[in-house]
Structure formats: structure tokens, C-alpha cells
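S.K.: One file is attached below, target_11.txt, containing compact mmCIF, C-alpha atoms.
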# COMPACT_ATOMS: atom_id res chain seq x y z
CA MET A 12 -19.46 -25.03 10.71
CA LEU A 13 -17.86 -24.25 7.34
CA SER A 14 -18.65 -27.69 5.96
CA ARG A 15 -22.38 -27.12 6.64
CA LEU A 16 -22.48 -23.93 4.57
CA ASN A 17 -23.45 -23.87 0.93
CA PRO A 18 -20.23 -24.41 -1.10
CA LEU A 19 -20.80 -21.17 -2.99
CA THR A 20 -20.88 -19.29 0.32
CA THR A 21 -17.53 -20.74 1.35
CA LEU A 22 -16.11 -20.08 -2.11
CA ALA A 23 -17.34 -16.47 -2.07
CA ALA A 24 -15.95 -15.82 1.42
CA CYS A 25 -12.53 -17.32 0.70
CA GLY A 26 -12.30 -15.72 -2.74
CA ALA A 27 -13.27 -12.32 -1.35
CA ALA A 28 -10.73 -12.65 1.48
CA ALA A 29 -7.93 -13.47 -0.97
CA THR A 30 -8.99 -10.63 -3.27
CA PHE A 31 -9.11 -8.13 -0.41
CA THR A 32 -5.68 -9.28 0.79
CA VAL A 33 -4.13 -8.62 -2.61
CA ALA A 34 -6.00 -5.35 -3.10
CA ALA A 35 -5.06 -3.99 0.34
CA SER A 36 -1.36 -4.85 -0.11
CA ASN A 37 -0.79 -4.15 3.58
CA TRP A 38 0.99 -6.62 5.83
CA PRO A 39 -1.21 -6.12 8.96
CA VAL A 40 -4.27 -6.86 6.81
CA SER A 41 -2.53 -9.94 5.38
CA VAL A 42 -1.61 -11.14 8.87
CA ALA A 43 -5.20 -10.63 10.03
CA VAL A 44 -6.51 -12.67 7.10
CA ALA A 45 -3.98 -15.44 7.81
CA VAL A 46 -4.91 -15.55 11.50
CA ALA A 47 -8.61 -15.65 10.60
CA ALA A 48 -7.97 -18.54 8.19
CA LEU A 49 -6.08 -20.46 10.88
CA GLY A 50 -8.89 -19.81 13.36
CA ALA A 51 -11.44 -21.07 10.86
CA GLY A 52 -9.22 -24.11 10.31
CA VAL A 53 -9.32 -24.85 14.03
CA GLY A 54 -13.10 -24.61 14.02
CA ALA A 55 -13.37 -26.88 10.99
CA GLY A 56 -10.88 -29.41 12.36
CA VAL A 57 -8.49 -29.13 9.40
CA LEU A 58 -5.73 -26.99 10.95
CA ARG A 59 -3.06 -29.70 10.76
CA ARG A 60 -3.76 -30.38 7.10
CA VAL A 61 -3.72 -26.68 6.28
CA LEU A 62 -0.44 -26.14 8.12
CA ALA A 63 1.21 -29.18 6.53
CA ALA A 64 0.18 -28.20 3.01
CA SER A 65 1.02 -24.53 3.50
CA ALA A 66 4.48 -25.34 4.87
CA VAL A 67 5.40 -27.07 1.61
CA ILE A 68 4.44 -23.93 -0.32
CA LEU A 69 5.37 -21.11 2.02
CA LEU A 70 8.73 -22.16 3.50
CA PRO A 71 10.55 -22.13 0.12
CA LEU A 72 8.70 -18.93 -0.78
CA TRP A 73 9.77 -17.08 2.38
CA PHE A 74 13.35 -18.30 1.98
CA SER A 75 13.51 -17.04 -1.62
CA LEU A 76 11.95 -13.69 -0.66
CA LEU A 77 14.45 -13.14 2.14
CA VAL A 78 17.39 -14.07 -0.10
CA LEU A 79 16.33 -12.11 -3.18
CA HIS A 80 14.84 -9.01 -1.58
CA GLY A 81 16.47 -9.06 1.82
CA LEU A 82 19.98 -9.27 0.36
CA PHE A 83 19.72 -7.97 -3.20
CA PHE A 84 17.01 -5.30 -3.18
CA PRO A 85 18.14 -2.69 -5.73
CA GLU A 86 16.06 0.13 -4.24
CA GLY A 87 17.45 -0.45 -0.74
CA ARG A 88 18.95 2.65 0.87
CA THR A 89 19.06 1.93 4.62
CA VAL A 90 21.81 -0.70 4.90
CA LEU A 91 21.88 -2.81 8.06
CA ALA A 92 24.73 -5.10 7.00
CA GLY A 93 26.64 -5.80 3.82
CA TRP A 94 28.93 -8.40 2.30
CA GLY A 95 30.08 -7.21 -1.08
CA PRO A 96 27.09 -7.07 -3.46
CA ALA A 97 24.80 -8.59 -0.81
CA ARG A 98 23.23 -6.01 1.48
CA ILE A 99 20.57 -6.36 4.12
CA THR A 100 18.39 -3.27 3.80
CA VAL A 101 15.31 -2.10 5.64
CA GLU A 102 13.53 -1.51 2.33
CA GLY A 103 14.33 -5.02 1.11
CA LEU A 104 13.11 -6.63 4.32
CA ALA A 105 9.96 -4.49 4.23
CA PHE A 106 9.23 -5.56 0.65
CA ALA A 107 9.85 -9.22 1.51
CA LEU A 108 7.51 -8.87 4.50
CA GLU A 109 4.76 -7.32 2.36
CA MET A 110 5.04 -9.97 -0.35
CA GLY A 111 5.40 -12.87 2.07
CA THR A 112 2.48 -12.00 4.33
CA ARG A 113 0.25 -11.24 1.34
CA THR A 114 0.99 -14.59 -0.27
CA THR A 115 0.67 -16.38 3.08
CA GLY A 116 -2.81 -14.97 3.64
CA CYS A 117 -3.98 -15.98 0.16
CA VAL A 118 -2.47 -19.47 0.38
CA LEU A 119 -4.00 -20.19 3.80
CA VAL A 120 -7.43 -18.99 2.71
CA LEU A 121 -7.43 -21.03 -0.49
CA LEU A 122 -6.09 -24.15 1.24
CA LEU A 123 -8.78 -23.78 3.90
CA PHE A 124 -11.41 -23.74 1.17
CA SER A 125 -9.96 -26.81 -0.53
CA PHE A 126 -10.03 -28.79 2.73
CA VAL A 127 -13.50 -27.83 3.97
CA VAL A 128 -15.53 -27.76 0.76
CA ASN A 129 -17.60 -30.77 -0.26
CA VAL A 130 -16.65 -31.22 -3.91
CA PRO A 131 -19.78 -33.16 -5.03
CA ASP A 132 -21.98 -30.51 -3.40
CA LEU A 133 -19.97 -27.77 -5.11
CA VAL A 134 -20.40 -29.36 -8.53
CA ALA A 135 -24.11 -29.97 -7.91
CA THR A 136 -24.61 -26.36 -6.81
CA MET A 137 -22.86 -25.05 -9.92
CA THR A 138 -25.01 -27.31 -12.07
CA THR A 139 -28.23 -25.94 -10.58
CA ARG A 140 -26.94 -22.37 -11.08
CA ARG A 141 -26.51 -23.03 -14.82
CA ILE A 142 -22.75 -22.51 -14.57
CA PRO A 143 -20.94 -24.15 -17.52
CA PRO A 144 -20.15 -27.75 -16.54
CA GLN A 145 -16.60 -27.37 -17.87
CA PHE A 146 -15.88 -24.78 -15.19
CA GLY A 147 -17.25 -26.99 -12.43
CA TYR A 148 -15.27 -29.98 -13.66
CA VAL A 149 -12.01 -28.02 -13.83
CA LEU A 150 -12.54 -26.67 -10.31
CA ALA A 151 -13.47 -30.09 -8.92
CA SER A 152 -10.48 -31.72 -10.64
CA THR A 153 -8.16 -29.10 -9.19
CA LEU A 154 -9.45 -29.71 -5.67
CA THR A 155 -9.19 -33.49 -5.96
CA LEU A 156 -5.93 -33.71 -7.93
CA ALA A 157 -3.53 -33.62 -4.98
CA PRO A 158 -5.41 -36.24 -2.89
CA ALA A 159 -5.70 -38.47 -5.98
CA ILE A 160 -1.96 -38.25 -6.66
CA THR A 161 -1.15 -38.92 -3.00
CA GLU A 162 -3.41 -41.98 -2.90
CA GLN A 163 -2.05 -43.35 -6.18
CA LEU A 164 1.55 -42.80 -5.06
CA ALA A 165 0.86 -44.65 -1.79
CA ARG A 166 -0.51 -47.63 -3.75
CA ILE A 167 2.52 -47.69 -6.03
CA ARG A 168 4.87 -47.51 -3.05
CA GLN A 169 3.09 -50.38 -1.28
CA ALA A 170 3.18 -52.51 -4.43
CA GLN A 171 6.89 -51.87 -4.93
CA GLU A 172 7.70 -52.60 -1.30
CA ALA A 173 5.69 -55.85 -1.52
CA ARG A 174 7.97 -56.91 -4.41
CA GLY A 175 11.07 -56.24 -2.29
CA LEU A 176 12.10 -52.85 -3.66
CA VAL A 177 14.08 -50.84 -1.11
CA LEU A 178 12.70 -47.30 -0.98
CA GLY A 179 14.76 -46.00 1.95
CA GLY A 180 18.47 -45.68 2.58
CA SER A 181 20.80 -42.98 1.31
CA LEU A 182 19.83 -39.92 -0.68
CA VAL A 183 20.93 -41.58 -3.93
CA GLN A 184 18.78 -44.63 -3.22
CA ARG A 185 15.79 -42.42 -2.41
CA LEU A 186 16.20 -40.50 -5.66
CA ALA A 187 16.44 -43.75 -7.63
CA ALA A 188 13.31 -45.06 -5.89
CA ALA A 189 11.48 -41.81 -6.65
CA ARG A 190 12.35 -42.19 -10.34
CA LEU A 191 10.91 -45.72 -10.31
CA GLN A 192 7.71 -44.39 -8.72
CA MET A 193 7.22 -41.52 -11.15
CA VAL A 194 6.86 -43.70 -14.27
CA PRO A 195 3.92 -45.81 -13.00
CA LEU A 196 2.42 -42.70 -11.39
CA VAL A 197 2.32 -40.78 -14.68
CA LEU A 198 0.96 -43.80 -16.54
CA ALA A 199 -1.74 -44.31 -13.90
CA LEU A 200 -2.78 -40.65 -14.09
CA ILE A 201 -3.00 -40.82 -17.89
CA GLN A 202 -5.16 -43.94 -17.68
CA ASP A 203 -7.36 -42.29 -15.04
CA ALA A 204 -7.82 -39.23 -17.27
CA ALA A 205 -8.89 -41.44 -20.18
CA GLU A 206 -11.38 -43.31 -17.98
CA ARG A 207 -12.84 -40.02 -16.74
CA ALA A 208 -13.17 -38.74 -20.29
CA HIS A 209 -15.13 -41.86 -21.32
CA ALA A 210 -17.34 -41.60 -18.22
CA LEU A 211 -18.09 -37.91 -18.86
CA ASP A 212 -18.89 -38.58 -22.50
CA ALA A 213 -21.24 -41.42 -21.55
CA ARG A 214 -23.11 -39.08 -19.19
CA GLY A 215 -23.57 -36.39 -21.84
CA PHE A 216 -21.12 -33.94 -20.28
CA ASN A 217 -20.71 -31.92 -23.49
CA SER A 218 -24.32 -32.18 -24.61
CA PRO A 219 -26.16 -28.87 -25.15
CA GLY A 220 -29.04 -27.78 -22.98
CA PRO A 221 -29.52 -27.63 -19.21
CA HIS A 222 -27.97 -30.22 -16.90
CA SER A 223 -29.58 -31.65 -13.80
CA THR A 224 -28.28 -33.24 -10.62
CA TYR A 225 -29.74 -35.64 -8.07
CA ARG A 226 -28.01 -33.88 -5.14
CA GLU A 227 -29.93 -31.17 -3.31
CA VAL A 228 -27.70 -28.64 -1.55
CA ALA A 229 -29.35 -26.42 1.06
CA ASP A 230 -29.17 -22.68 0.61
CA THR A 231 -30.70 -19.84 2.59
CA ARG A 232 -31.57 -16.22 1.95
CA GLY A 233 -29.03 -15.16 4.56
CA GLN A 234 -26.23 -16.97 2.73
CA ARG A 235 -27.26 -15.47 -0.59
CA THR A 236 -27.23 -12.00 0.97
CA PHE A 237 -23.83 -12.70 2.52
CA ARG A 238 -22.40 -13.81 -0.85
CA ARG A 239 -23.60 -10.63 -2.56
CA ALA A 240 -22.16 -8.52 0.25
CA VAL A 241 -18.67 -10.07 0.31
CA LEU A 242 -18.40 -10.12 -3.48
CA GLY A 243 -19.47 -6.48 -3.56
CA LEU A 244 -16.82 -5.61 -0.98
CA ALA A 245 -14.19 -7.51 -2.95
CA ALA A 246 -15.13 -5.68 -6.15
CA ALA A 247 -15.03 -2.35 -4.30
CA ALA A 248 -11.56 -3.18 -2.94
CA VAL A 249 -10.29 -3.94 -6.44
CA ILE A 250 -11.77 -0.73 -7.84
CA LEU A 251 -10.30 1.27 -4.97
CA ARG A 252 -6.92 -0.33 -5.52
CA LEU A 253 -6.93 0.41 -9.24
CA SER A 254 -8.10 3.97 -8.66
CA ALA A 255 -5.44 4.55 -6.02
CA SER A 256 -2.69 3.16 -8.24
CA TRP A 257 -3.66 5.56 -11.02
CA PHE A 258 -3.25 8.51 -8.64
CA GLY A 259 -0.21 7.06 -6.88
CA VAL A 260 -1.83 6.91 -3.45
CA PRO A 261 -1.65 3.64 -1.42
CA VAL A 262 -4.95 2.11 -0.36
CA LEU A 263 -3.65 1.50 3.17
CA PRO A 264 -0.34 3.11 4.18
CA SER A 265 2.18 0.50 5.26
CA PRO A 266 3.37 0.69 8.88
CA LEU A 267 6.88 0.41 7.47
CA ALA A 268 6.45 3.40 5.18
CA GLY A 269 7.99 5.73 7.73
CA ASN A 270 11.26 3.78 7.61
CA GLU A 271 11.71 4.24 3.89
Have the structure of the file written as C-alpha cells, please.

M.R.:
Amino acid sequence: MLSRLNPLTTLAACGAAATFTVAASNWPVSVAVAVAALGAGVGAGVLRRVLAASAVILLPLWFSLLVLHGLFFPEGRTVLAGWGPARITVEGLAFALEMGTRTTGCVLVLLLFSFVVNVPDLVATMTTRRIPPQFGYVLASTLTLAPAITEQLARIRQAQEARGLVLGGSLVQRLAAARLQMVPLVLALIQDAAERAHALDARGFNSPGPHSTYREVADTRGQRTFRRAVLGLAAAAVILRLSASWFGVPVLPSPLAGNE
């Protein structure tokens, strides 16, 4: 379903969801956004990829939050357990929960977008909307960078294994093999960047005037209305958050506020 939408509609929905998550700064809202992103991932058939990519990002993040804020939160007053300077406090755990769920919601939403969007359609849509081509290229490069690195690394690994290089074994052997893979990987990425620069220059990427595209991406009035609505709601959430911070009143009271 998501892949059949106009790329700008998906971008607006995911961007608005991430913006609202940050603006609300409320862990039930963050959890709801994360659950909605996972549900959308199930519908789009990309749940496994989203979970695998998010685990690489979120597991170290949650561990660091629990260590730093769960054990060493300076504003903590309600101590649950303590070992010298390390103290588990309710306030520290609440802060770690707020930060962790907020980041989790944003990461899942943005990863969902990166896995469901059709990059050529996104670039073509931006071109027809007279958006600067530099912006579209940077966004497309960001979305395709990780798959390109993964594919290039797999080729390097296969080539090295074909020449008899042992890439398994102990931790020291794996680290040595990783070092041998990084050098050709960096060189290949530099060469690929140079080839892309020549290709873009040959196609008049930096030439002034309007740009055209041969791809036609479907768009409907309903999707345009939806984009305006969600972007308006996101802007309203940001304004409300800024206004509330000036007056010292939370946008949405945290369920943990009563424990502080």
C-alpha cells in the first residue's frame, strides 16, 4: 500500500510522525508511533528489514541510556538501589524511557520510509516540483548509501574468499579480515563517487533552468490534501511545543510525572 503512494505523501507522513513524536515528548505517544510504524511495516512487507536495521541502532542506544541515566542521573531523588556513585533512580529511569521511546519512534518511522520509498520516483517527483536537484540527489544518495555499501562489501568478501583469504576464525582473525576489506571498500566508494560526478555533469545536473524527467509519478487530489494536513499538524505541534516551553508547561504531561 505504501509503495503505491506518491513518494512525497510517504515522506510527508513519516516526517510529520517523527516531528510530532519529538514535539510531544511523551513516551505513550512515542510508543504509539513506533507500533504504528511496525504495523505499516507488516503491511508493506518490510518488517524484518526494519527490525534488523533498527536493532543495530537502538540496542546500543538503549544500553547507553540505561547506563548513563539509569545509574548516573544527577537529578535523581528517588533511589531504588545504589552502589557507591552509581544509583538507580526513578527519575533516571523515567528520563531514559522518555528519550529511548522518542528516539525509537523516530528511527522506526524513518527506516520505514527508507525501505518503502521508490527512490527514482522520489527524485522524479522532486524534479517536477521544481525542488533544487541538489536536494533530491542528497536525499537519494542517503537512501541508497547503505545498500550500496552492503553490496560492494559482499563483492569484496566474495573476491577475497575466492583467492583463499580466511575471513572467519577467532576475533583477531575477523578484525584483521575486516581491515583488509575496508581498504578496497573505501577505494571502491571513492571511484563510484567520481563516476557519479562525471555522469551528473554529462547530464547537465548543475545547469541553470528547469529540469525535466521521463518518469511520470501518479498523484491525486486526496494525497495532496493529506500532505497539507499532516504538514500543518506537524507545524502546529512544533509551535505548541515551543510556546509551551516558553511558559514552562509540558505539551502532554508524562504518566511518570507523578513519581517525580

S.K.: Which value, in Å to one decimal, gives the distance between atom CA of Gly116 of chain A and atom CA of Ala23 of chain A?

M.R.: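 Here the two named atoms are 15.7 Å from each other.
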
S.K.: If we count all atoms listed in the file and set the cut-off at 9 Å, which residues sit around Gln192 of chain A, ignoring sequence neighbours fewer than 6 positions away in its own chain? Please answer as a short mmCIF file (atom, residue, chain, number, x, y, z; two decimals) with C-alpha atoms, in the coordinates of the input.

M.R.:
data_model
loop_
_atom_site.label_atom_id
_atom_site.label_comp_id
_atom_site.auth_asym_id
_atom_site.auth_seq_id
_atom_site.Cartn_x
_atom_site.Cartn_y
_atom_site.Cartn_z
CA LEU A 164 1.55 -42.80 -5.06
CA ILE A 167 2.52 -47.69 -6.03
CA ARG A 168 4.87 -47.51 -3.05
CA GLN A 171 6.89 -51.87 -4.93
#

S.K.: Nearest to Leu77 of chain A among A:Thr89, A:Thr30, A:Gln169, A:Thr100, with distances taken over all atoms listed in the file: which residue is it?

M.R.: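 Answer, going by the shortest atom-to-atom distance: A:Thr100.
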
S.K.: Quick one, how far is atom CA of His80 of chain A from atom CA of Gly103 of chain A?

M.R.: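 Atom-to-atom, atom CA of His80 of chain A to atom CA of Gly103 of chain A, that is 4.8 Å.
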
S.K.: Taking only C-alpha atoms into account, which of A:Leu69, A:Val118, A:Leu104, A:Ala135 comes nearest Arg88 of chain A?

M.R.: A:Leu104

S.K.: Could you jot down the atom CA of Thr138 of chain A to atom CA of Thr21 of chain A separation for me, Å, one decimal place?

M.R.: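 Computing it gives 16.7 Å between the two atoms.
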
S.K.: Would you give the centre and edge lengths, in Å to one decimal, of a box along x, y and z around the listed atoms of segment 156-168 of chain A, with 4 Å added to each side, as AutoDock Vina command-line options?

M.R.:
--center_x -0.5 --center_y -40.7 --center_z -4.9 --size_x 18.8 --size_y 22.1 --size_z 14.1

S.K.: Taking 3 positions as the minimum chain separation for residues in the same chain, which residues sit within 9 Å of segment 42-55 of chain A when counting all atoms listed in the file? Answer as a PyMOL selection string.

M.R.: chain A and resi 12-14+25+28-29+32+37-39+58-62+112-113+115-120+123+126-127

S.K.: Write the residues of the selection above to a file with C-alpha atoms, as a CSV table (one decimal), in the frame of the given file.

M.R.:
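Below you can see part_3.csv, which holds the result:
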chain,number,residue,atom,x,y,z
A,12,MET,CA,-19.5,-25.0,10.7
A,13,LEU,CA,-17.9,-24.2,7.3
A,14,SER,CA,-18.6,-27.7,6.0
A,25,CYS,CA,-12.5,-17.3,0.7
A,28,ALA,CA,-10.7,-12.6,1.5
A,29,ALA,CA,-7.9,-13.5,-1.0
A,32,THR,CA,-5.7,-9.3,0.8
A,37,ASN,CA,-0.8,-4.2,3.6
A,38,TRP,CA,1.0,-6.6,5.8
A,39,PRO,CA,-1.2,-6.1,9.0
A,58,LEU,CA,-5.7,-27.0,11.0
A,59,ARG,CA,-3.1,-29.7,10.8
A,60,ARG,CA,-3.8,-30.4,7.1
A,61,VAL,CA,-3.7,-26.7,6.3
A,62,LEU,CA,-0.4,-26.1,8.1
A,112,THR,CA,2.5,-12.0,4.3
A,113,ARG,CA,0.2,-11.2,1.3
A,115,THR,CA,0.7,-16.4,3.1
A,116,GLY,CA,-2.8,-15.0,3.6
A,117,CYS,CA,-4.0,-16.0,0.2
A,118,VAL,CA,-2.5,-19.5,0.4
A,119,LEU,CA,-4.0,-20.2,3.8
A,120,VAL,CA,-7.4,-19.0,2.7
A,123,LEU,CA,-8.8,-23.8,3.9
A,126,PHE,CA,-10.0,-28.8,2.7
A,127,VAL,CA,-13.5,-27.8,4.0

S.K.: Of the candidates A:Asn129, A:Pro85, A:Thr114, A:Val40, which one gets nearest to Arg15 of chain A if we count only C-alpha atoms?

M.R.: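 Checking each of A:Asn129, A:Pro85, A:Thr114, A:Val40 against Arg15 of chain A, counting only C-alpha atoms, the winner is A:Asn129.
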
S.K.: Identify which of the residues A:Gln234, A:Ser75, A:Gln145, A:Gln163 lies closest to Leu19 of chain A, counting only C-alpha atoms when measuring atom-to-atom distances.

M.R.: A:Gln234

S.K.: Write out as a ChimeraX atom specification which residues come within 10 Å of Leu251 of chain A when counting all atoms listed in the file, dropping same-chain ones fewer than 4 positions away.

M.R.: /A:34-35,245-247,255-257,261-262

S.K.: Ranking A:Ala157, A:Glu102, A:His209, A:Ala97 by minimum distance to Ala64 of chain A and counting all atoms listed in the file, which one comes first?

M.R.: A:Ala157

S.K.: Ranking A:Ala151, A:Leu244, A:Leu253, A:Leu122 by minimum distance to Phe31 of chain A and counting only C-alpha atoms, which one comes first?

M.R.: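 Answer, going by the shortest atom-to-atom distance: A:Leu244.
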